[in-house]
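J.: Next comes final-v6.cif, mmCIF, C-alpha atoms:
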data_target
#
loop_
_atom_site.label_atom_id
_atom_site.label_comp_id
_atom_site.auth_asym_id
_atom_site.auth_seq_id
_atom_site.Cartn_x
_atom_site.Cartn_y
_atom_site.Cartn_z
CA MET E 14 -5.27 -6.49 -46.98
CA LYS E 15 -5.41 -8.64 -43.87
CA TYR E 16 -8.35 -10.90 -43.22
CA LYS E 17 -10.09 -10.77 -39.83
CA ASP E 18 -12.15 -13.75 -38.75
CA PHE E 19 -15.15 -12.09 -37.12
CA TYR E 20 -16.78 -15.48 -36.45
CA GLN E 21 -13.70 -16.64 -34.55
CA THR E 22 -13.67 -13.36 -32.59
CA LEU E 23 -17.22 -14.02 -31.41
CA GLY E 24 -16.58 -17.76 -30.97
CA ILE E 25 -19.43 -18.84 -33.24
CA GLU E 26 -19.91 -21.02 -36.33
CA ARG E 27 -20.20 -19.43 -39.76
CA ASP E 28 -23.83 -20.55 -40.02
CA ALA E 29 -24.76 -18.95 -36.68
CA THR E 30 -28.20 -17.35 -36.52
CA LEU E 31 -28.69 -13.68 -35.63
CA ASP E 32 -29.82 -14.83 -32.21
CA ASP E 33 -26.59 -16.83 -31.76
CA ILE E 34 -24.57 -13.78 -32.80
CA LYS E 35 -26.36 -11.55 -30.28
CA LYS E 36 -25.94 -14.09 -27.48
CA ALA E 37 -22.22 -14.49 -28.20
CA TYR E 38 -21.76 -10.71 -28.30
CA ARG E 39 -23.62 -10.17 -25.01
CA LYS E 40 -21.57 -12.85 -23.28
CA LEU E 41 -18.28 -11.33 -24.45
CA ALA E 42 -19.47 -7.76 -23.80
CA HIS E 43 -20.23 -8.68 -20.19
CA LYS E 44 -16.75 -10.14 -19.91
CA TYR E 45 -14.72 -7.41 -21.62
CA HIS E 46 -16.70 -4.15 -21.66
CA PRO E 47 -14.33 -1.49 -20.25
CA ASP E 48 -17.02 -0.05 -17.96
CA VAL E 49 -17.82 -3.36 -16.26
CA SER E 50 -14.69 -5.48 -16.70
CA SER E 51 -11.62 -5.55 -14.49
CA ASP E 52 -9.59 -7.22 -17.24
CA ALA E 53 -6.63 -4.95 -18.04
CA LYS E 54 -6.89 -5.82 -21.73
CA GLY E 55 -10.68 -5.74 -21.70
CA GLU E 56 -11.03 -2.55 -23.71
CA GLU E 57 -8.86 -3.83 -26.54
CA LYS E 58 -10.70 -7.15 -26.62
CA PHE E 59 -14.07 -5.43 -26.46
CA LYS E 60 -13.19 -3.27 -29.48
CA GLU E 61 -12.52 -6.40 -31.54
CA VAL E 62 -15.74 -8.00 -30.32
CA ALA E 63 -17.78 -4.87 -31.06
CA GLN E 64 -16.29 -4.55 -34.55
CA ALA E 65 -17.08 -8.19 -35.33
CA TYR E 66 -20.63 -7.81 -33.98
CA ALA E 67 -21.23 -4.58 -35.94
CA THR E 68 -20.51 -6.44 -39.17
CA LEU E 69 -22.22 -9.78 -38.46
CA LYS E 70 -25.46 -8.39 -36.98
CA ASN E 71 -26.10 -6.45 -40.18
CA PRO E 72 -27.38 -8.86 -42.91
CA GLU E 73 -25.98 -6.77 -45.79
CA LYS E 74 -22.57 -6.40 -44.21
CA ARG E 75 -22.53 -10.07 -43.24
CA LYS E 76 -23.37 -11.10 -46.82
CA GLU E 77 -20.52 -8.97 -48.18
CA TYR E 78 -18.17 -10.33 -45.52
CA ASP E 79 -19.16 -13.96 -46.15
CA ALA E 80 -18.50 -13.45 -49.87
CA LEU E 81 -14.80 -13.09 -48.99
CA GLY E 82 -14.81 -16.81 -48.21
CA GLN E 83 -13.39 -18.63 -45.25
CA ARG E 84 -9.78 -17.73 -44.50
CA SER E 85 -7.45 -17.81 -41.56
CA ASP E 86 -7.27 -14.80 -39.30
CA GLY E 87 -4.40 -12.52 -40.40
CA ASP E 88 -4.14 -13.96 -43.94
CA ASN E 89 -3.33 -11.49 -46.70
CA PHE E 90 -5.96 -11.39 -49.43
CA SER E 91 -6.75 -9.31 -52.51
CA PRO E 92 -9.93 -7.29 -52.25
CA PRO E 93 -12.67 -8.48 -54.65
CA PRO E 94 -12.66 -6.76 -58.09
CA GLU E 95 -16.06 -5.19 -57.35
CA TRP E 96 -14.60 -3.40 -54.31
CA GLN E 97 -11.79 -2.03 -56.48
CA THR E 98 -14.27 -0.89 -59.11
CA HIS E 99 -16.50 0.59 -56.47
CA TYR E 100 -13.76 2.74 -54.96
CA GLY E 101 -11.95 3.37 -58.27
CA ALA E 102 -8.92 1.94 -56.51
CA THR E 103 -6.25 -0.63 -57.23
CA GLY E 104 -5.50 -3.63 -55.05
CA SER E 105 -2.50 -1.91 -53.48
CA ASP E 106 -4.71 1.01 -52.35
CA PHE E 107 -6.23 -1.47 -49.86
CA ASP E 108 -2.84 -2.52 -48.45
CA ASN E 109 -3.06 -0.65 -45.17
CA VAL E 110 -6.84 -0.58 -44.91
CA ASP E 111 -8.23 -2.33 -41.85
CA LEU E 112 -11.09 -4.69 -42.71
CA SER E 113 -13.09 -3.57 -39.65
CA ASP E 114 -12.73 0.10 -40.64
CA LEU E 115 -13.90 -0.73 -44.16
CA PHE E 116 -17.01 -2.51 -42.88
CA ASN E 117 -17.62 0.31 -40.44
CA ALA E 118 -17.85 2.62 -43.47
CA PHE E 119 -20.16 0.17 -45.21
CA GLN E 120 -23.69 1.55 -45.30
CA SER E 121 -26.69 -0.50 -44.20
CA SER E 122 -28.15 -0.09 -47.68
CA GLY E 123 -25.52 -2.53 -48.88
CA GLN E 124 -23.21 0.07 -50.38
CA PHE E 125 -19.67 0.82 -49.43
CA ASN E 126 -19.34 4.40 -48.40
CA THR E 127 -17.26 6.30 -50.94
CA HIS E 128 -16.86 10.03 -51.11
CA HIS E 129 -18.92 10.47 -54.28
CA GLN E 130 -21.80 8.38 -52.88
CA ARG E 131 -21.80 9.88 -49.44
CA GLN E 132 -24.79 11.90 -48.35
CA HIS E 133 -24.15 15.62 -48.25
CA PHE E 134 -25.43 16.32 -44.75
CA PRO E 135 -22.79 17.04 -42.10
CA GLU E 136 -21.59 14.09 -40.04
CA ASN E 137 -19.67 14.65 -36.84
CA GLY E 138 -16.51 12.64 -36.34
CA GLN E 139 -16.34 9.81 -33.82
CA ASP E 140 -14.96 10.23 -30.31
CA TYR E 141 -12.01 8.02 -29.42
CA SER E 142 -10.14 7.24 -26.24
CA VAL E 143 -6.57 6.22 -25.60
CA THR E 144 -4.76 5.19 -22.44
CA ALA E 145 -1.53 7.09 -21.86
CA SER E 146 1.15 5.73 -19.56
CA ILE E 147 2.55 8.70 -17.70
CA PRO E 148 5.75 8.66 -15.60
CA LEU E 149 5.30 9.51 -11.92
CA GLU E 150 7.70 12.44 -12.31
CA THR E 151 5.28 14.06 -14.82
CA ILE E 152 2.32 13.45 -12.50
CA PHE E 153 4.27 14.98 -9.62
CA SER E 154 5.28 18.22 -11.28
CA GLY E 155 3.03 18.37 -14.36
CA GLY E 156 4.44 18.52 -17.87
CA LYS E 157 4.10 17.27 -21.40
CA ALA E 158 3.59 13.71 -22.53
CA ASP E 159 3.50 12.24 -26.02
CA VAL E 160 0.40 10.21 -26.75
CA SER E 161 0.28 8.02 -29.87
CA ILE E 162 -2.93 6.92 -31.52
CA ALA E 163 -3.93 5.60 -34.94
CA LEU E 164 -7.35 6.85 -36.07
CA PRO E 165 -9.11 5.96 -39.34
CA GLU E 166 -9.36 8.76 -41.89
CA LEU E 167 -10.89 8.53 -45.35
CA ASP E 168 -8.59 9.15 -48.31
CA GLU E 169 -9.75 10.87 -51.53
CA LYS E 170 -11.28 7.58 -52.73
CA GLY E 171 -13.18 7.07 -49.51
CA LEU E 172 -10.95 4.28 -48.20
CA PRO E 173 -10.31 4.41 -44.46
CA HIS E 174 -6.63 4.47 -43.50
CA ARG E 175 -5.27 4.46 -40.00
CA LEU E 176 -3.42 7.73 -39.52
CA ARG E 177 -0.83 7.42 -36.80
CA GLN E 178 -0.54 10.61 -34.81
CA THR E 179 1.58 11.63 -31.88
CA LEU E 180 0.03 14.34 -29.78
CA ARG E 181 1.95 16.29 -27.17
CA VAL E 182 -0.45 16.63 -24.27
CA THR E 183 -0.19 18.81 -21.18
CA ILE E 184 -0.53 16.68 -18.05
CA PRO E 185 -1.81 18.67 -15.07
CA ILE E 186 -0.03 18.45 -11.72
CA GLY E 187 -1.55 15.76 -9.52
CA ALA E 188 -3.47 13.93 -12.24
CA LYS E 189 -4.81 10.67 -10.83
CA GLU E 190 -4.89 7.14 -12.13
CA GLY E 191 -7.88 6.67 -14.45
CA GLN E 192 -8.67 10.37 -14.80
CA ARG E 193 -9.35 11.75 -18.22
CA LEU E 194 -8.28 14.65 -20.38
CA ARG E 195 -10.47 15.81 -23.23
CA LEU E 196 -8.76 16.96 -26.42
CA VAL E 197 -11.43 18.81 -28.34
CA GLY E 198 -11.50 18.05 -32.07
CA LYS E 199 -8.66 15.50 -31.96
CA GLY E 200 -10.92 12.47 -32.54
CA GLY E 201 -12.28 11.25 -35.87
CA ALA E 202 -12.60 13.80 -38.69
CA GLY E 203 -16.05 15.22 -39.46
CA VAL E 204 -17.55 15.00 -42.95
CA ASN E 205 -19.31 17.68 -45.00
CA GLY E 206 -18.67 20.36 -42.43
CA GLY E 207 -19.44 18.13 -39.44
CA LYS E 208 -17.38 18.72 -36.32
CA ALA E 209 -14.37 16.56 -35.58
CA GLY E 210 -14.83 14.17 -32.67
CA ASP E 211 -12.91 14.44 -29.41
CA LEU E 212 -10.05 12.38 -28.12
CA TYR E 213 -10.14 11.30 -24.46
CA VAL E 214 -6.80 10.54 -22.87
CA ILE E 215 -7.09 8.16 -19.90
CA ILE E 216 -4.21 8.61 -17.50
CA SER E 217 -2.36 5.54 -16.29
CA ILE E 218 0.57 6.09 -13.93
CA LEU E 219 3.62 4.04 -14.91
CA PRO E 220 4.99 1.87 -12.11
CA HIS E 221 8.02 3.63 -10.62
CA PRO E 222 11.21 1.73 -9.75
CA ILE E 223 11.48 3.52 -6.36
CA TYR E 224 8.11 4.92 -5.34
CA SER E 225 4.71 3.32 -4.93
CA VAL E 226 1.58 5.48 -4.97
CA ASP E 227 -1.39 5.29 -2.63
CA GLY E 228 -3.80 8.14 -3.24
CA LEU E 229 -1.72 11.27 -2.82
CA ASP E 230 0.89 9.53 -0.65
CA LEU E 231 4.17 8.15 -1.93
CA PHE E 232 6.13 5.30 -0.33
CA PHE E 233 9.68 4.11 -0.80
CA ASP E 234 11.92 1.59 0.95
CA LEU E 235 14.75 3.07 3.01
CA PHE E 236 17.44 0.42 3.38
CA LEU E 237 19.49 0.55 6.58
CA ALA E 238 22.45 -1.50 7.79
CA PRO E 239 21.90 -3.06 11.27
CA TRP E 240 24.44 -0.73 12.93
CA GLU E 241 22.71 2.33 11.36
CA ALA E 242 19.40 1.15 12.81
CA VAL E 243 20.96 0.57 16.24
CA LEU E 244 23.14 3.65 16.50
CA GLY E 245 21.04 6.03 14.43
CA THR E 246 22.38 7.99 11.50
CA SER E 247 21.77 10.82 9.12
CA ILE E 248 21.05 10.06 5.47
CA VAL E 249 20.79 12.36 2.48
CA ILE E 250 17.96 11.27 0.20
CA THR E 251 16.92 12.66 -3.16
CA THR E 252 13.17 12.68 -3.76
CA LEU E 253 10.90 13.92 -6.53
CA SER E 254 10.75 17.30 -4.82
CA GLY E 255 14.38 17.75 -3.84
CA THR E 256 17.12 16.63 -1.48
CA PHE E 257 16.48 16.03 2.23
CA ASN E 258 18.56 15.17 5.23
CA LEU E 259 16.81 12.33 6.99
CA SER E 260 17.62 11.77 10.63
CA ILE E 261 17.32 8.15 11.78
CA LYS E 262 16.86 7.76 15.54
CA PRO E 263 18.88 5.12 17.39
CA GLY E 264 16.91 1.89 17.75
CA THR E 265 14.88 2.18 14.57
CA SER E 266 13.25 -1.10 13.59
CA SER E 267 12.39 -2.51 10.20
CA GLY E 268 8.92 -1.46 9.05
CA VAL E 269 9.00 1.94 10.76
CA LYS E 270 7.60 4.65 8.50
CA LEU E 271 9.28 8.04 8.47
CA ARG E 272 7.05 10.78 7.14
CA LEU E 273 8.21 13.68 5.05
CA SER E 274 5.26 15.99 5.36
CA LYS E 275 3.65 17.32 2.18
CA GLN E 276 6.22 15.82 -0.15
CA GLY E 277 3.67 13.61 -1.89
CA LEU E 278 1.40 14.26 -4.87
CA HIS E 279 -0.74 17.35 -5.22
CA GLY E 280 -4.50 16.90 -5.15
CA LYS E 281 -7.50 19.10 -5.64
CA SER E 282 -8.13 22.18 -3.49
CA GLY E 283 -4.47 22.45 -2.51
CA ALA E 284 -4.28 19.06 -0.76
CA ILE E 285 -0.80 17.56 -0.76
CA GLY E 286 0.09 13.99 0.17
CA HIS E 287 3.06 12.86 2.24
CA LEU E 288 6.19 10.93 1.38
CA TYR E 289 6.88 7.88 3.56
CA ALA E 290 10.27 6.23 3.89
CA VAL E 291 9.67 2.65 5.03
CA VAL E 292 12.69 1.30 6.92
CA GLN E 293 14.02 -2.04 5.72
CA LEU E 294 16.96 -3.56 7.60
CA VAL E 295 19.47 -5.22 5.31
CA VAL E 296 21.77 -7.80 6.82
CA PRO E 297 25.05 -8.29 4.93
CA LYS E 298 25.17 -11.75 3.36
CA LYS E 299 28.90 -12.05 4.01
CA SER E 300 30.97 -10.74 6.90
CA SER E 301 34.71 -10.64 7.40
CA GLU E 302 36.44 -12.60 10.15
CA GLU E 303 36.79 -9.43 12.23
CA GLU E 304 33.14 -8.51 11.77
CA HIS E 305 32.13 -12.06 12.68
CA LYS E 306 34.11 -11.82 15.92
CA LEU E 307 32.47 -8.52 16.78
CA TYR E 308 29.01 -9.98 16.13
CA ALA E 309 29.90 -12.92 18.41
CA GLN E 310 30.99 -10.49 21.13
CA LEU E 311 27.77 -8.55 20.64
CA ALA E 312 25.73 -11.74 20.97
CA ALA E 313 27.59 -12.68 24.16
CA ILE E 314 26.92 -9.38 25.92
CA SER E 315 23.39 -8.73 24.59
CA HIS E 316 20.34 -9.54 26.69
CA GLY E 317 16.90 -10.40 25.45
CA SER E 318 15.61 -11.39 22.04
CA PRO E 319 13.23 -9.75 19.55
CA ARG E 320 10.99 -12.80 20.11
CA ASP E 321 10.64 -12.23 23.86
CA ASN E 322 7.37 -10.38 23.49
CA VAL E 323 5.84 -12.96 21.21
CA HIS E 324 3.45 -15.33 22.97
CA LYS E 325 5.14 -18.72 23.09
CA GLU E 326 1.97 -20.60 22.14
CA SER E 327 1.84 -18.77 18.83
CA LEU E 328 5.29 -20.00 17.81
CA MET X 28 2.50 1.35 -49.04
CA THR X 29 1.88 4.92 -47.97
CA ALA X 30 3.22 6.00 -44.61
CA TYR X 31 0.69 7.97 -42.66
CA PHE X 32 2.15 9.84 -39.73
CA THR X 33 1.68 13.23 -38.18
CA HIS X 34 2.97 14.96 -35.09
CA ASP X 35 0.85 17.54 -33.39
CA ASP X 36 1.74 19.72 -30.45
CA VAL X 37 -1.41 20.05 -28.41
CA SER X 38 -1.50 22.63 -25.71
CA GLU X 39 -5.26 22.63 -25.13
CA SER X 40 -6.36 19.73 -23.06
CA ILE X 41 -9.30 19.90 -20.68
CA TYR X 42 -8.89 18.06 -17.41
CA LEU X 43 -12.17 16.34 -16.57
CA ASN X 44 -12.11 16.87 -12.81
CA ASP X 45 -14.27 19.00 -10.54
CA ASP X 46 -12.28 22.23 -10.85
CA ALA X 47 -14.26 23.41 -13.86
CA SER X 48 -17.85 23.12 -15.03
CA CYS X 49 -20.01 22.88 -18.12
CA SER X 50 -23.62 23.69 -18.99
CA ILE X 51 -26.39 21.12 -19.26
CA ASN X 52 -26.48 21.64 -23.02
CA SER X 53 -22.75 20.92 -23.29
CA LEU X 54 -23.17 17.80 -21.18
CA ILE X 55 -25.96 16.55 -23.46
CA GLU X 56 -23.96 17.34 -26.59
CA ILE X 57 -20.71 15.76 -25.41
CA SER X 58 -22.29 12.64 -23.88
CA GLY X 59 -24.83 12.01 -26.60
CA LEU X 60 -27.52 11.37 -23.98
CA SER X 61 -31.02 12.76 -24.42
CA GLN X 62 -32.43 15.37 -22.02
CA GLN X 63 -34.75 12.65 -20.63
CA GLN X 64 -31.85 10.28 -19.95
CA LEU X 65 -29.81 13.01 -18.27
CA ASP X 66 -32.80 14.11 -16.17
CA ALA X 67 -33.22 10.50 -15.01
CA LEU X 68 -29.55 10.33 -13.98
CA ILE X 69 -30.03 13.57 -12.01
CA ASP X 70 -33.23 12.23 -10.39
CA VAL X 71 -31.46 9.15 -9.00
CA GLY X 72 -28.43 11.18 -7.86
CA ILE X 73 -25.85 9.73 -10.23
CA VAL X 74 -25.30 13.18 -11.72
CA VAL X 75 -25.51 16.11 -9.30
CA PRO X 76 -25.90 19.68 -10.61
CA MET X 77 -23.79 22.43 -9.03
CA ASN X 78 -26.82 24.71 -8.64
CA ASP X 79 -30.61 24.79 -8.79
CA LEU X 80 -30.86 26.98 -11.86
CA ALA X 81 -33.27 26.13 -14.67
CA LEU X 82 -30.20 25.53 -16.83
CA PRO X 83 -27.80 24.05 -14.28
CA TYR X 84 -24.03 23.62 -14.50
CA PHE X 85 -22.10 20.42 -13.79
CA HIS X 86 -18.56 19.54 -12.77
CA LEU X 87 -16.58 18.35 -15.79
CA HIS X 88 -16.03 14.87 -14.35
CA TYR X 89 -19.71 14.19 -15.11
CA ILE X 90 -18.71 14.08 -18.78
CA VAL X 91 -17.04 10.76 -17.96
CA THR X 92 -20.10 9.55 -16.01
CA THR X 93 -22.57 10.44 -18.76
CA GLN X 94 -20.36 8.94 -21.46
CA ILE X 95 -20.29 5.67 -19.53
CA ALA X 96 -24.11 5.80 -19.39
CA ARG X 97 -24.27 6.40 -23.12
CA ARG X 98 -21.84 3.55 -23.87
CA LEU X 99 -23.84 1.14 -21.70
CA ILE X 100 -27.05 2.06 -23.55
CA ASP X 101 -25.37 1.55 -26.93
CA ASP X 102 -23.24 -1.50 -26.21
CA PHE X 103 -25.74 -3.48 -24.12
CA GLU X 104 -28.87 -2.14 -25.84
CA LEU X 105 -30.22 -1.02 -22.45
CA ASP X 106 -33.45 0.83 -21.89
CA LEU X 107 -33.61 3.77 -19.47
CA ASN X 108 -34.30 1.63 -16.38
CA GLY X 109 -31.56 -0.83 -17.25
CA MET X 110 -29.07 2.00 -17.69
CA LEU X 111 -30.06 3.61 -14.36
CA LEU X 112 -29.71 0.29 -12.55
CA ALA X 113 -26.30 -0.37 -14.13
CA MET X 114 -25.08 3.16 -13.30
CA THR X 115 -26.31 2.88 -9.69
CA LEU X 116 -24.47 -0.42 -9.25
CA ILE X 117 -21.30 0.94 -10.89
CA GLN X 118 -21.43 3.93 -8.52
CA LYS X 119 -21.80 1.60 -5.51
CA ILE X 120 -18.88 -0.54 -6.68
CA THR X 121 -16.72 2.57 -7.16
CA LEU X 122 -17.54 3.79 -3.62
CA LEU X 123 -16.77 0.35 -2.15
CA GLU X 124 -13.46 0.25 -4.04
CA GLN X 125 -12.57 3.68 -2.64
CA LYS X 126 -13.43 2.53 0.90
CA LEU X 127 -11.35 -0.60 0.40
CA THR X 128 -8.39 1.46 -0.80
CA GLY X 129 -8.81 3.79 2.21
CA SER X 130 -8.89 0.82 4.61
CA LYS X 131 -5.78 -0.69 3.01
CA THR X 132 -3.96 2.64 3.38
CA ASN X 133 -4.92 2.84 7.07
CA MET X 134 -3.73 -0.72 7.64
CA HIS X 135 -0.50 0.08 5.81
CA LEU X 136 0.15 3.14 7.99
CA ASN X 137 -1.10 1.63 11.28
CA PRO X 138 -0.37 -2.08 11.07
#
In structure tokens, how does this file's structure come out?
T.:
Amino acid sequence: MKYKDFYQTLGIERDATLDDIKKAYRKLAHKYHPDVSSDAKGEEKFKEVAQAYATLKNPEKRKEYDALGQRSDGDNFSPPPEWQTHYGATGSDFDNVDLSDLFNAFQSSGQFNTHHQRQHFPENGQDYSVTASIPLETIFSGGKADVSIALPELDEKGLPHRLRQTLRVTIPIGAKEGQRLRLVGKGGAGVNGGKAGDLYVIISILPHPIYSVDGLDLFFDLFLAPWEAVLGTSIVITTLSGTFNLSIKPGTSSGVKLRLSKQGLHGKSGAIGHLYAVVQLVVPKKSSEEEHKLYAQLAAISHGSPRDNVHKESL
Amino acid sequence: MTAYFTHDDVSESIYLNDDASCSINSLIEISGLSQQQLDALIDVGIVVPMNDLALPYFHLHYIVTTQIARRLIDDFELDLNGMLLAMTLIQKITLLEQKLTGSKTNMHLNP
């Protein structure tokens, strides 16, 4: 069983008072709480903080925790003999038990919560949430996505084990960043006939190597050679919705946005975003002798400069 | 060590947007808020019912809103007024973030 240093998590001394514990928790909760923090890893950090606080704010749980002695975070340790007796378990039964889960099951009366001691009234299972990274292609056309989560479940002795599950979830077309799906009954198991909790899947759109997303609109860089920009051309592009023939007008400058109407993401009430190709001129790093000569000829016969319209004082 | 692993094919997922609705009783049950706390959220306009019925219905995205309210009460040990203030400020921040995103998009399209 791996030791977790709850005092270190809260950044307090082992002899901290209850008031110190509360203050440390509040400070960290303000910093990491997922509903008020912009820290990307805030939710994960807040879970650790909340678990540590749940144990240390309760005098009975804290006493039991302190009896484990001072160890380093992550150290393997054998559970005390009284825990083994209590659960009717051997030391190895605790191998993949998370210390926080065990203390979460620890009742305020000072008793660990085993099946034979548990009250017989129904208890509903806990709700959980998980962030799922979904490819843009799935958001665009809808589809299935595998979501992995490890939830604690009690074994026949009452020991909580993390059960790793992979759920295949249907992602609706046009799901947005941060939106949620509710999977009824896929959260923590209920006890004594209590209902299972729900699992909330928070959608996070994976960064795409080609497209960037802004609301329902999609953007991608369309790279053009200088002569294509000057003379105009026709380019076949493959997008998320199919293949298109894109006509580039002569004299197209870098930064120009070409709109493919209603080829973006689908939104509510039938709204559809657009797909924008953003022109980027790419100048070859090397040119042959012949090309160099032609560029020199071009320079000799060309009039004006792209800087002509820029106010000289601003240069 | 025992390996614990399952694979489950889930076809039923409920998208918490404003295409579907739920009853006030469902909202209370799912969020864990009390009727008094939900009424207060309605009074200040954080949660807006779809109709004026005695037992109103709500868009499903309010499940997310009410769960945030419940988490704030639990995790920060807030009283009703504290929760309402926090929810009002969160709503304002969300609206400002949306306006900022909209402005950035306009600047991006019309530099």
J.: Can you pull out the residues contacting Val75 of chain X? Cut-off 12 Å, using only C-alpha atoms, and skip same-chain residues under 2 positions away; I want them as a list in words.
T.: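 The neighbour list is Asp45, Ser48, Ile51, Leu65, Asp66, Ala67, Leu68, Ile69, Asp70, Val71, Gly72, Ile73, Met77, Asn78, Asp79, Pro83, Tyr84, Phe85, His86, Leu87, His88, Tyr89, Ile90, Thr92 and Thr93 of chain X.
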J.: What does the distance between atom CA of Asp111 of chain E and atom CA of Arg177 of chain E come to in Å, to one decimal place?
T.: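 Computing the Euclidean distance for atom CA of Asp111 of chain E and atom CA of Arg177 of chain E yields 13.2 Å.
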J.: Provide the atom CA of Thr68 of chain E to atom CA of Arg98 of chain X distance in Å, to one decimal place.
T.: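 Between atom CA of Thr68 of chain E and atom CA of Arg98 of chain X the gap is 18.3 Å.
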J.: For the PyMOL selection byres ((chain E and resi 78) around 10), applied here, can you spell out every residue it catches as a CSV table (one decimal) with C-alpha atoms, keeping the file's coordinate frame?
T.:
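The file below, expr.csv, is the result:
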chain,number,residue,atom,x,y,z
E,17,LYS,CA,-10.1,-10.8,-39.8
E,18,ASP,CA,-12.2,-13.8,-38.8
E,19,PHE,CA,-15.2,-12.1,-37.1
E,68,THR,CA,-20.5,-6.4,-39.2
E,69,LEU,CA,-22.2,-9.8,-38.5
E,72,PRO,CA,-27.4,-8.9,-42.9
E,73,GLU,CA,-26.0,-6.8,-45.8
E,74,LYS,CA,-22.6,-6.4,-44.2
E,75,ARG,CA,-22.5,-10.1,-43.2
E,76,LYS,CA,-23.4,-11.1,-46.8
E,77,GLU,CA,-20.5,-9.0,-48.2
E,79,ASP,CA,-19.2,-14.0,-46.2
E,80,ALA,CA,-18.5,-13.4,-49.9
E,81,LEU,CA,-14.8,-13.1,-49.0
E,82,GLY,CA,-14.8,-16.8,-48.2
E,83,GLN,CA,-13.4,-18.6,-45.2
E,112,LEU,CA,-11.1,-4.7,-42.7
E,116,PHE,CA,-17.0,-2.5,-42.9
J.: Quote the spacing between atom CA of Gln125 of chain X and atom CA of Ile186 of chain E in Å to one decimal place.
T.: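 Separating atom CA of Gln125 of chain X from atom CA of Ile186 of chain E is a distance of 21.4 Å.
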J.: Taking the file above as input, evaluate the PyMOL selection byres ((chain X and resi 61) around 12) and report the hits as a VMD selection string.
T.: chain X and resid 51 to 60 62 to 68 93 to 94 96 to 97 100 107
J.: Would you write out those residues with C-alpha atoms, as a short mmCIF file (atom, residue, chain, number, x, y, z; two decimals), in the coordinates of the input?
T.:
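Ended up saving to out.cif:
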data_model
loop_
_atom_site.label_atom_id
_atom_site.label_comp_id
_atom_site.auth_asym_id
_atom_site.auth_seq_id
_atom_site.Cartn_x
_atom_site.Cartn_y
_atom_site.Cartn_z
CA ILE X 51 -26.39 21.12 -19.26
CA ASN X 52 -26.48 21.64 -23.02
CA SER X 53 -22.75 20.92 -23.29
CA LEU X 54 -23.17 17.80 -21.18
CA ILE X 55 -25.96 16.55 -23.46
CA GLU X 56 -23.96 17.34 -26.59
CA ILE X 57 -20.71 15.76 -25.41
CA SER X 58 -22.29 12.64 -23.88
CA GLY X 59 -24.83 12.01 -26.60
CA LEU X 60 -27.52 11.37 -23.98
CA GLN X 62 -32.43 15.37 -22.02
CA GLN X 63 -34.75 12.65 -20.63
CA GLN X 64 -31.85 10.28 -19.95
CA LEU X 65 -29.81 13.01 -18.27
CA ASP X 66 -32.80 14.11 -16.17
CA ALA X 67 -33.22 10.50 -15.01
CA LEU X 68 -29.55 10.33 -13.98
CA THR X 93 -22.57 10.44 -18.76
CA GLN X 94 -20.36 8.94 -21.46
CA ALA X 96 -24.11 5.80 -19.39
CA ARG X 97 -24.27 6.40 -23.12
CA ILE X 100 -27.05 2.06 -23.55
CA LEU X 107 -33.61 3.77 -19.47
#
J.: Give as a list in words the residues that the PyMOL selection byres ((chain E) within 6 of (chain X)) matches when applied to the coordinates above.
T.: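 With the PyMOL selection byres ((chain E) within 6 of (chain X)) on this model, the match is Leu176, Arg177, Gln178, Thr179, Leu180, Arg181, Val182, Arg193, Leu194, Arg195 and Leu196 of chain E.
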J.: Kindly provide, as a VMD selection string, the polymer residues lying within 12 Å of (11.2, 16.4, -5.1), counting all atoms listed in the file and using the coordinates exactly as they appear in the file.
T.: chain E and resid 149 to 154 224 231 250 to 257 273 275 to 279 287 to 288
J.: Give me, as a ChimeraX atom specification, all polymer residues having an atom no more than 12 Å from Asp33 of chain E, counting all atoms listed in the file and skipping those fewer than 6 positions away in the same chain.
T.: /E:20,23-27,39-40,66,69-70
J.: Could you please take those selected residues and save C-alpha atoms as a short mmCIF file (atom, residue, chain, number, x, y, z; two decimals), keeping the file's coordinate frame?
T.:
data_model
loop_
_atom_site.label_atom_id
_atom_site.label_comp_id
_atom_site.auth_asym_id
_atom_site.auth_seq_id
_atom_site.Cartn_x
_atom_site.Cartn_y
_atom_site.Cartn_z
CA TYR E 20 -16.78 -15.48 -36.45
CA LEU E 23 -17.22 -14.02 -31.41
CA GLY E 24 -16.58 -17.76 -30.97
CA ILE E 25 -19.43 -18.84 -33.24
CA GLU E 26 -19.91 -21.02 -36.33
CA ARG E 27 -20.20 -19.43 -39.76
CA ARG E 39 -23.62 -10.17 -25.01
CA LYS E 40 -21.57 -12.85 -23.28
CA TYR E 66 -20.63 -7.81 -33.98
CA LEU E 69 -22.22 -9.78 -38.46
CA LYS E 70 -25.46 -8.39 -36.98
#
J.: List as a list of chain:residue names the protein and nucleic acid residues near Ile218 of chain E, meaning an atom at most 7 Å away when all atoms listed in the file are counted, but skip any in the same chain fewer than 4 places from it.
T.: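 Residues meeting the cut-off are E:Ser146, E:Ile147, E:Pro148, E:Leu149, E:Glu190.
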J.: Would you save the residues of that selection, restricted to C-alpha atoms, as a PDB file, keeping the file's coordinate frame?
T.:
ATOM      1  CA  SER E 146       1.150   5.730 -19.560  1.00  0.00           C
ATOM      2  CA  ILE E 147       2.550   8.700 -17.700  1.00  0.00           C
ATOM      3  CA  PRO E 148       5.750   8.660 -15.600  1.00  0.00           C
ATOM      4  CA  LEU E 149       5.300   9.510 -11.920  1.00  0.00           C
ATOM      5  CA  GLU E 190      -4.890   7.140 -12.130  1.00  0.00           C
TER       6      GLU E 190
END
